[in-house]
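Okay, data-v9.csv is below, CSV, C-alpha atoms:
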```
chain,number,residue,atom,x,y,z
A,1,MET,CA,14.8,-15.0,-11.7
A,2,THR,CA,11.6,-13.5,-10.0
A,3,ALA,CA,13.8,-11.6,-7.6
A,4,ARG,CA,15.7,-10.1,-10.5
A,5,VAL,CA,12.6,-9.1,-12.4
A,6,GLY,CA,11.1,-7.7,-9.2
A,7,GLY,CA,14.3,-5.8,-8.5
A,8,VAL,CA,14.3,-4.2,-12.0
A,9,ILE,CA,10.6,-3.3,-11.8
A,10,THR,CA,11.1,-1.8,-8.3
A,11,SER,CA,14.1,0.2,-9.4
A,12,VAL,CA,12.3,1.6,-12.4
A,13,ALA,CA,9.2,2.4,-10.3
A,14,LEU,CA,11.4,4.2,-7.7
A,15,VAL,CA,12.9,6.4,-10.4
A,16,ALA,CA,9.4,7.1,-11.7
A,17,PHE,CA,8.2,7.8,-8.2
A,18,ALA,CA,10.9,10.5,-8.0
A,19,GLY,CA,9.6,11.8,-11.3
A,20,ILE,CA,6.1,12.1,-9.7
A,21,TYR,CA,7.6,14.2,-7.0
A,22,VAL,CA,9.1,16.6,-9.5
A,23,ARG,CA,5.9,16.8,-11.6
A,24,ALA,CA,3.6,17.2,-8.5
A,25,LEU,CA,5.8,19.8,-6.8
A,26,MET,CA,7.1,21.8,-9.7
A,27,PHE,CA,4.7,21.4,-12.7
A,28,THR,CA,1.3,21.0,-11.1
A,29,PRO,CA,-0.5,24.2,-10.0
A,30,ILE,CA,-1.3,25.0,-6.4
A,31,GLU,CA,-5.0,24.6,-5.6
A,32,ARG,CA,-6.5,28.0,-4.7
A,33,PHE,CA,-8.4,27.2,-1.5
A,34,GLN,CA,-6.4,24.3,0.0
A,35,GLY,CA,-3.0,25.7,-0.8
A,36,PRO,CA,0.2,23.6,-1.1
A,37,ALA,CA,-1.2,20.9,1.3
A,38,GLN,CA,-3.6,19.8,-1.5
A,39,LYS,CA,-0.5,18.3,-3.3
A,40,ILE,CA,-0.4,15.6,-0.6
A,41,PHE,CA,-3.3,14.2,-2.6
A,42,TYR,CA,-0.9,13.0,-5.3
A,43,VAL,CA,0.8,10.8,-2.8
A,44,HIS,CA,-2.0,9.9,-0.4
A,45,ALA,CA,-4.7,8.7,-2.9
A,46,PRO,CA,-2.4,6.5,-5.0
A,47,MET,CA,-0.9,4.9,-1.9
A,48,ALA,CA,-4.4,4.2,-0.6
A,49,TRP,CA,-5.2,2.6,-4.0
A,50,ALA,CA,-2.0,0.4,-3.8
A,51,ALA,CA,-2.8,-0.6,-0.2
A,52,LEU,CA,-6.3,-1.6,-1.0
A,53,LEU,CA,-5.2,-3.4,-4.2
A,54,ALA,CA,-2.7,-5.4,-2.1
A,55,PHE,CA,-5.3,-6.2,0.5
A,56,ALA,CA,-7.8,-7.3,-2.1
A,57,VAL,CA,-5.2,-9.5,-3.8
A,58,THR,CA,-4.5,-11.1,-0.4
A,59,GLY,CA,-8.2,-11.7,0.2
A,60,ILE,CA,-8.9,-13.2,-3.2
A,61,LEU,CA,-5.8,-15.5,-3.1
A,62,SER,CA,-6.7,-16.5,0.4
A,63,LEU,CA,-10.2,-17.5,-0.8
A,64,LEU,CA,-8.6,-19.5,-3.6
A,65,TYR,CA,-6.2,-21.1,-1.2
A,66,LEU,CA,-9.1,-22.4,1.0
A,67,ILE,CA,-10.6,-23.9,-2.1
A,68,MET,CA,-7.5,-25.3,-3.9
A,69,ARG,CA,-5.0,-25.7,-1.1
A,70,ASP,CA,-2.1,-24.6,-3.3
A,71,ARG,CA,0.8,-23.5,-1.1
A,72,LYS,CA,1.9,-21.0,-3.8
A,73,LEU,CA,-1.3,-19.0,-3.4
A,74,ASP,CA,-0.7,-18.7,0.3
A,75,THR,CA,2.9,-17.5,-0.3
A,76,ILE,CA,1.7,-14.8,-2.8
A,77,ALA,CA,-1.2,-13.7,-0.4
A,78,ALA,CA,1.3,-13.3,2.5
A,79,ALA,CA,3.7,-11.3,0.3
A,80,SER,CA,0.9,-9.0,-0.9
A,81,ALA,CA,-0.3,-8.5,2.7
A,82,GLU,CA,3.2,-7.2,3.8
A,83,VAL,CA,3.5,-4.9,0.8
A,84,GLY,CA,0.0,-3.6,1.6
A,85,VAL,CA,1.0,-2.7,5.1
A,86,ALA,CA,3.9,-0.6,3.8
A,87,PHE,CA,1.6,1.3,1.5
A,88,ALA,CA,-1.0,1.6,4.3
A,89,VAL,CA,1.6,3.2,6.6
A,90,VAL,CA,2.1,6.0,4.0
A,91,MET,CA,-1.7,6.4,3.5
A,92,LEU,CA,-2.3,6.6,7.3
A,93,THR,CA,0.5,9.2,7.9
A,94,THR,CA,-0.1,11.4,4.8
A,95,GLY,CA,-3.9,11.5,5.4
A,96,PRO,CA,-3.7,13.3,8.8
A,97,LEU,CA,-1.0,15.6,7.4
A,98,TRP,CA,-3.5,16.7,4.8
A,99,GLY,CA,-6.5,16.7,7.2
A,100,LYS,CA,-4.9,19.1,9.7
A,101,PRO,CA,-4.5,22.1,7.5
A,102,VAL,CA,-7.7,21.4,5.4
A,103,TRP,CA,-10.2,20.0,7.9
A,104,GLY,CA,-8.6,21.6,11.0
A,105,THR,CA,-8.1,18.2,12.7
A,106,TRP,CA,-5.6,15.4,12.4
A,107,TRP,CA,-8.1,12.6,12.7
A,108,SER,CA,-11.9,12.0,12.9
A,109,TRP,CA,-13.4,8.7,14.1
A,110,ASP,CA,-15.8,8.6,11.1
A,111,ALA,CA,-16.6,5.5,9.0
A,112,ARG,CA,-13.9,6.0,6.3
A,113,LEU,CA,-11.0,6.7,8.5
A,114,THR,CA,-11.9,4.2,11.2
A,115,SER,CA,-12.5,1.4,8.7
A,116,THR,CA,-9.2,2.2,7.0
A,117,LEU,CA,-7.4,2.1,10.3
A,118,PHE,CA,-9.2,-1.2,11.1
A,119,ILE,CA,-8.1,-2.9,7.9
A,120,PHE,CA,-4.5,-1.8,8.6
A,121,LEU,CA,-4.6,-3.2,12.1
A,122,LEU,CA,-6.1,-6.4,10.7
A,123,PHE,CA,-3.2,-6.9,8.4
A,124,VAL,CA,-0.7,-6.1,11.1
A,125,GLY,CA,-2.5,-8.8,13.0
A,126,TYR,CA,-2.2,-11.1,9.9
A,127,GLN,CA,1.6,-10.7,10.0
A,128,VAL,CA,1.7,-11.4,13.8
A,129,LEU,CA,-0.5,-14.5,13.3
A,130,ARG,CA,1.8,-15.8,10.5
A,131,GLY,CA,4.9,-15.2,12.7
A,132,ALA,CA,3.3,-17.0,15.7
A,133,LEU,CA,2.4,-20.3,13.9
A,134,HIS,CA,5.1,-22.6,12.8
A,135,ASP,CA,3.1,-25.4,11.1
A,136,PRO,CA,2.9,-24.3,7.4
A,137,GLU,CA,-0.5,-25.9,6.9
A,138,ILE,CA,-2.2,-24.4,10.0
A,139,ARG,CA,-0.5,-21.0,9.3
A,140,ALA,CA,-1.7,-20.9,5.7
A,141,ARG,CA,-5.3,-21.9,6.7
A,142,PHE,CA,-5.6,-19.5,9.6
A,143,ALA,CA,-4.1,-16.6,7.7
A,144,ALA,CA,-6.4,-17.4,4.7
A,145,VAL,CA,-9.5,-17.1,6.9
A,146,MET,CA,-8.2,-13.8,8.2
A,147,GLY,CA,-7.5,-12.6,4.6
A,148,VAL,CA,-11.0,-13.5,3.4
A,149,MET,CA,-12.5,-11.6,6.4
A,150,ALA,CA,-10.5,-8.5,5.5
A,151,LEU,CA,-11.5,-8.8,1.8
A,152,VAL,CA,-15.1,-7.8,2.8
A,153,LEU,CA,-13.7,-4.5,4.2
A,154,VAL,CA,-12.2,-3.4,0.9
A,155,PRO,CA,-15.4,-2.5,-1.0
A,156,PHE,CA,-16.9,-1.3,2.3
A,157,ILE,CA,-14.2,1.3,2.7
A,158,HIS,CA,-14.9,2.5,-0.9
A,159,VAL,CA,-18.6,3.1,-0.2
A,160,THR,CA,-18.3,4.6,3.3
A,161,VAL,CA,-18.1,8.1,1.9
A,162,TYR,CA,-21.5,7.5,0.3
A,163,TRP,CA,-23.3,5.6,3.1
A,164,PHE,CA,-22.1,7.6,6.1
A,165,ARG,CA,-21.5,11.3,7.0
A,166,THR,CA,-17.7,11.7,6.9
A,167,LEU,CA,-15.1,14.4,6.6
A,168,HIS,CA,-13.3,12.4,3.9
A,169,PRO,CA,-13.9,13.7,0.3
A,170,GLU,CA,-15.7,11.5,-2.2
A,171,PRO,CA,-13.6,9.8,-4.9
A,172,VAL,CA,-12.5,11.9,-7.8
A,173,LEU,CA,-11.7,9.0,-10.1
A,174,MET,CA,-13.6,5.8,-9.1
A,175,LYS,CA,-17.1,7.1,-9.5
A,176,PRO,CA,-19.8,6.9,-12.3
A,177,GLU,CA,-19.3,10.5,-13.5
A,178,ARG,CA,-16.3,12.1,-15.2
A,179,PRO,CA,-13.3,12.8,-12.9
A,180,SER,CA,-13.8,16.2,-11.2
A,181,LEU,CA,-10.2,17.5,-11.5
A,182,PRO,CA,-8.6,19.9,-14.0
A,183,GLY,CA,-6.6,18.1,-16.7
A,184,VAL,CA,-3.1,18.9,-15.4
A,185,MET,CA,-3.9,17.7,-11.9
A,186,LEU,CA,-5.6,14.6,-13.3
A,187,VAL,CA,-2.5,13.7,-15.3
A,188,THR,CA,-0.4,14.0,-12.2
A,189,LEU,CA,-2.8,11.8,-10.2
A,190,LEU,CA,-3.1,9.1,-12.9
A,191,SER,CA,0.7,9.0,-13.4
A,192,SER,CA,1.1,8.6,-9.6
A,193,VAL,CA,-1.6,5.8,-9.5
A,194,ALA,CA,0.3,4.0,-12.4
A,195,VAL,CA,3.7,4.4,-10.6
A,196,CYS,CA,2.2,3.1,-7.3
A,197,THR,CA,0.7,0.1,-9.1
A,198,LEU,CA,4.2,-0.6,-10.7
A,199,LEU,CA,5.8,-0.3,-7.2
A,200,TYR,CA,3.2,-2.8,-5.9
A,201,VAL,CA,4.1,-5.3,-8.7
A,202,GLY,CA,7.9,-4.8,-8.1
A,203,PHE,CA,7.5,-5.2,-4.3
A,204,LEU,CA,5.2,-8.2,-4.6
A,205,LEU,CA,7.6,-10.1,-6.9
A,206,MET,CA,10.6,-9.3,-4.6
A,207,ARG,CA,8.7,-10.2,-1.4
A,208,TYR,CA,7.4,-13.4,-3.0
A,209,SER,CA,10.9,-14.5,-4.1
A,210,LEU,CA,12.2,-13.8,-0.6
A,211,ALA,CA,9.5,-16.1,0.8
A,212,VAL,CA,10.5,-18.8,-1.7
A,213,LEU,CA,14.2,-18.4,-0.8
A,214,ARG,CA,13.3,-18.8,2.9
A,215,ASP,CA,11.1,-21.9,2.2
A,216,ILE,CA,14.1,-23.5,0.4
A,217,ARG,CA,16.3,-22.7,3.3
A,218,GLU,CA,13.8,-24.1,5.8
A,219,GLU,CA,13.5,-27.3,3.8
A,220,GLU,CA,17.3,-27.7,3.7
A,221,ILE,CA,17.4,-27.3,7.5
A,222,VAL,CA,14.7,-30.0,8.0
A,223,ASP,CA,16.5,-32.3,5.5
A,224,GLY,CA,19.7,-31.8,7.4
A,225,VAL,CA,18.1,-32.6,10.8
A,226,SER,CA,16.3,-35.8,9.5
B,1,MET,CA,-2.6,34.8,-6.0
B,2,GLU,CA,-2.8,34.3,-2.2
B,3,TYR,CA,-2.7,30.7,-0.9
B,4,PRO,CA,-3.0,29.3,2.6
B,5,ASP,CA,0.4,29.0,4.2
B,6,ASN,CA,0.5,25.2,4.8
B,7,GLY,CA,3.6,24.1,2.7
B,8,ALA,CA,5.2,22.5,5.8
B,9,TYR,CA,2.5,19.8,5.9
B,10,MET,CA,3.1,19.0,2.2
B,11,VAL,CA,6.9,18.7,2.8
B,12,ALA,CA,6.3,16.5,5.8
B,13,ALA,CA,4.0,14.2,3.8
B,14,TYR,CA,6.4,13.9,0.9
B,15,VAL,CA,9.3,13.2,3.2
B,16,VAL,CA,7.4,10.5,5.1
B,17,ALA,CA,6.2,8.8,1.9
B,18,ALA,CA,9.8,8.8,0.5
B,19,VAL,CA,11.3,7.4,3.7
B,20,VAL,CA,8.8,4.6,4.0
B,21,ILE,CA,8.8,3.5,0.3
B,22,VAL,CA,12.6,3.8,-0.2
B,23,GLY,CA,13.1,2.2,3.2
B,24,TYR,CA,10.9,-0.8,2.4
B,25,ALA,CA,12.5,-1.2,-1.0
B,26,ALA,CA,16.0,-1.2,0.6
B,27,SER,CA,14.8,-3.7,3.2
B,28,LEU,CA,13.6,-6.1,0.4
B,29,PHE,CA,16.9,-5.8,-1.5
B,30,TYR,CA,18.8,-6.4,1.7
B,31,ARG,CA,16.7,-9.4,2.9
B,32,ILE,CA,16.8,-11.1,-0.6
B,33,ARG,CA,20.6,-10.7,-0.7
B,34,LYS,CA,21.0,-12.1,2.8
B,35,ALA,CA,18.6,-15.1,2.0
B,36,ALA,CA,20.4,-15.8,-1.3
B,37,LYS,CA,23.9,-15.8,0.4
B,38,ARG,CA,23.0,-18.6,2.9
```

Could you show the structure in this file as structure tokens?
Amino acid sequence: MTARVGGVITSVALVAFAGIYVRALMFTPIERFQGPAQKIFYVHAPMAWAALLAFAVTGILSLLYLIMRDRKLDTIAAASAEVGVAFAVVMLTTGPLWGKPVWGTWWSWDARLTSTLFIFLLFVGYQVLRGALHDPEIRARFAAVMGVMALVLVPFIHVTVYWFRTLHPEPVLMKPERPSLPGVMLVTLLSSVAVCTLLYVGFLLMRYSLAVLRDIREEEIVDGVS
Amino acid sequence: MEYPDNGAYMVAAYVVAAVVIVGYAASLFYRIRKAAKR
């Protein structure tokens, strides 16, 4: 049932994602100084939002798992972590593709970019850790500790642009003042954020049902052996 | 109006994003189907 709902949400979100491409490429004006490369923003920023949302969900559920020891929390945390890695791959590839024409460099080892790469590598390590441990209890506990550690990084990444000197621009949406974007660009950005959030929900439901199906299969094998 | 000529970066970014997202969605659909068949 969860897989079916997840599949429907993902399918709808993929169609909407194609719609975002059409709106961003054909119906959103080109920024005067940055040129067409500025339109990478409509993909890069929402993907970064979805990645950090996924990592935050993993961290919070990991913390709850350590308190409540509910296996379901660990399963959802693991699903969210994998989905977050997929979004982070897009964030970390589209970022340099925007940086090169606008900043003149693919990458800068400043606080924002380095901490973002660090959280991505941390969650790649999270997947490796889960794959290496076979005891479900130990796997859940170790992964939860790692998830909680990574949770600290999420707000830190947000504030790096204020606390450190960095090439990365300050947020245009998540700040105390009004968004600093013309209306038509803002609508494209907000629509893309909404679609990426929907994609996250669809992916999470699908990945969670996959984990449940695998757990059922594992239990059947164990029952068959004993 | 004159703009910087950097459209190729935009195309590359949009292609990469589509490949990763559609590829991940396809992998989820495939893995669920395979797990459900067993």

- Item | atom CA of A:Ala51 to atom CA of A:Ile20, straight-line distance in Å | 18.2 Å

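Among the candidates A:Ala45, A:Ala81, A:Leu205, A:Leu122, the residue lying nearest to B:Phe29 is A:Leu205 (atoms considered: only C-alpha atoms).
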
- Message: Within 7 Å of chain B, which residues belong to chain A? Use all atoms listed in the file and report them as a PyMOL selection string.
- Response: chain A and resi 32-37+39-40+90+94+97-98+101+206-207+210+213-214

With C-alpha atoms kept, could you save the residues just selected as an mmCIF file, in the frame of the given file?
```cif
data_model
loop_
_atom_site.group_PDB
_atom_site.id
_atom_site.type_symbol
_atom_site.label_atom_id
_atom_site.label_comp_id
_atom_site.auth_asym_id
_atom_site.auth_seq_id
_atom_site.Cartn_x
_atom_site.Cartn_y
_atom_site.Cartn_z
ATOM 1 C CA ARG A 32 -6.500 28.000 -4.700
ATOM 2 C CA PHE A 33 -8.400 27.200 -1.500
ATOM 3 C CA GLN A 34 -6.400 24.300 0.000
ATOM 4 C CA GLY A 35 -3.000 25.700 -0.800
ATOM 5 C CA PRO A 36 0.200 23.600 -1.100
ATOM 6 C CA ALA A 37 -1.200 20.900 1.300
ATOM 7 C CA LYS A 39 -0.500 18.300 -3.300
ATOM 8 C CA ILE A 40 -0.400 15.600 -0.600
ATOM 9 C CA VAL A 90 2.100 6.000 4.000
ATOM 10 C CA THR A 94 -0.100 11.400 4.800
ATOM 11 C CA LEU A 97 -1.000 15.600 7.400
ATOM 12 C CA TRP A 98 -3.500 16.700 4.800
ATOM 13 C CA PRO A 101 -4.500 22.100 7.500
ATOM 14 C CA MET A 206 10.600 -9.300 -4.600
ATOM 15 C CA ARG A 207 8.700 -10.200 -1.400
ATOM 16 C CA LEU A 210 12.200 -13.800 -0.600
ATOM 17 C CA LEU A 213 14.200 -18.400 -0.800
ATOM 18 C CA ARG A 214 13.300 -18.800 2.900
#
```

- Length of the atom CA of A:Ser62 to atom CA of A:Ser80 vector [Å]: 10.8 Å

- Please identify all polymer residues within 12 Å of A:Leu117, counting all atoms listed in the file, omitting same-chain residues fewer than 2 positions from it, and present them as a PyMOL selection string. chain A and resi 48+51-52+85+88-89+91-93+95-96+107-115+119-124+153-154+157

- Near A:Gly131, within 12 Å and counting all atoms listed in the file, which residues show up once chain neighbours fewer than 4 positions away are dropped, as a count of residues only? 12

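Reported to one decimal place, the separation of atom CA of A:Ala150 from atom CA of A:Phe87 is 16.1 Å.
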
- Query: Which of these residues is nearest to A:Ala211, using all atoms listed in the file: A:Arg71, A:His158, A:Arg141, A:Arg178?
  - Reply: A:Arg71
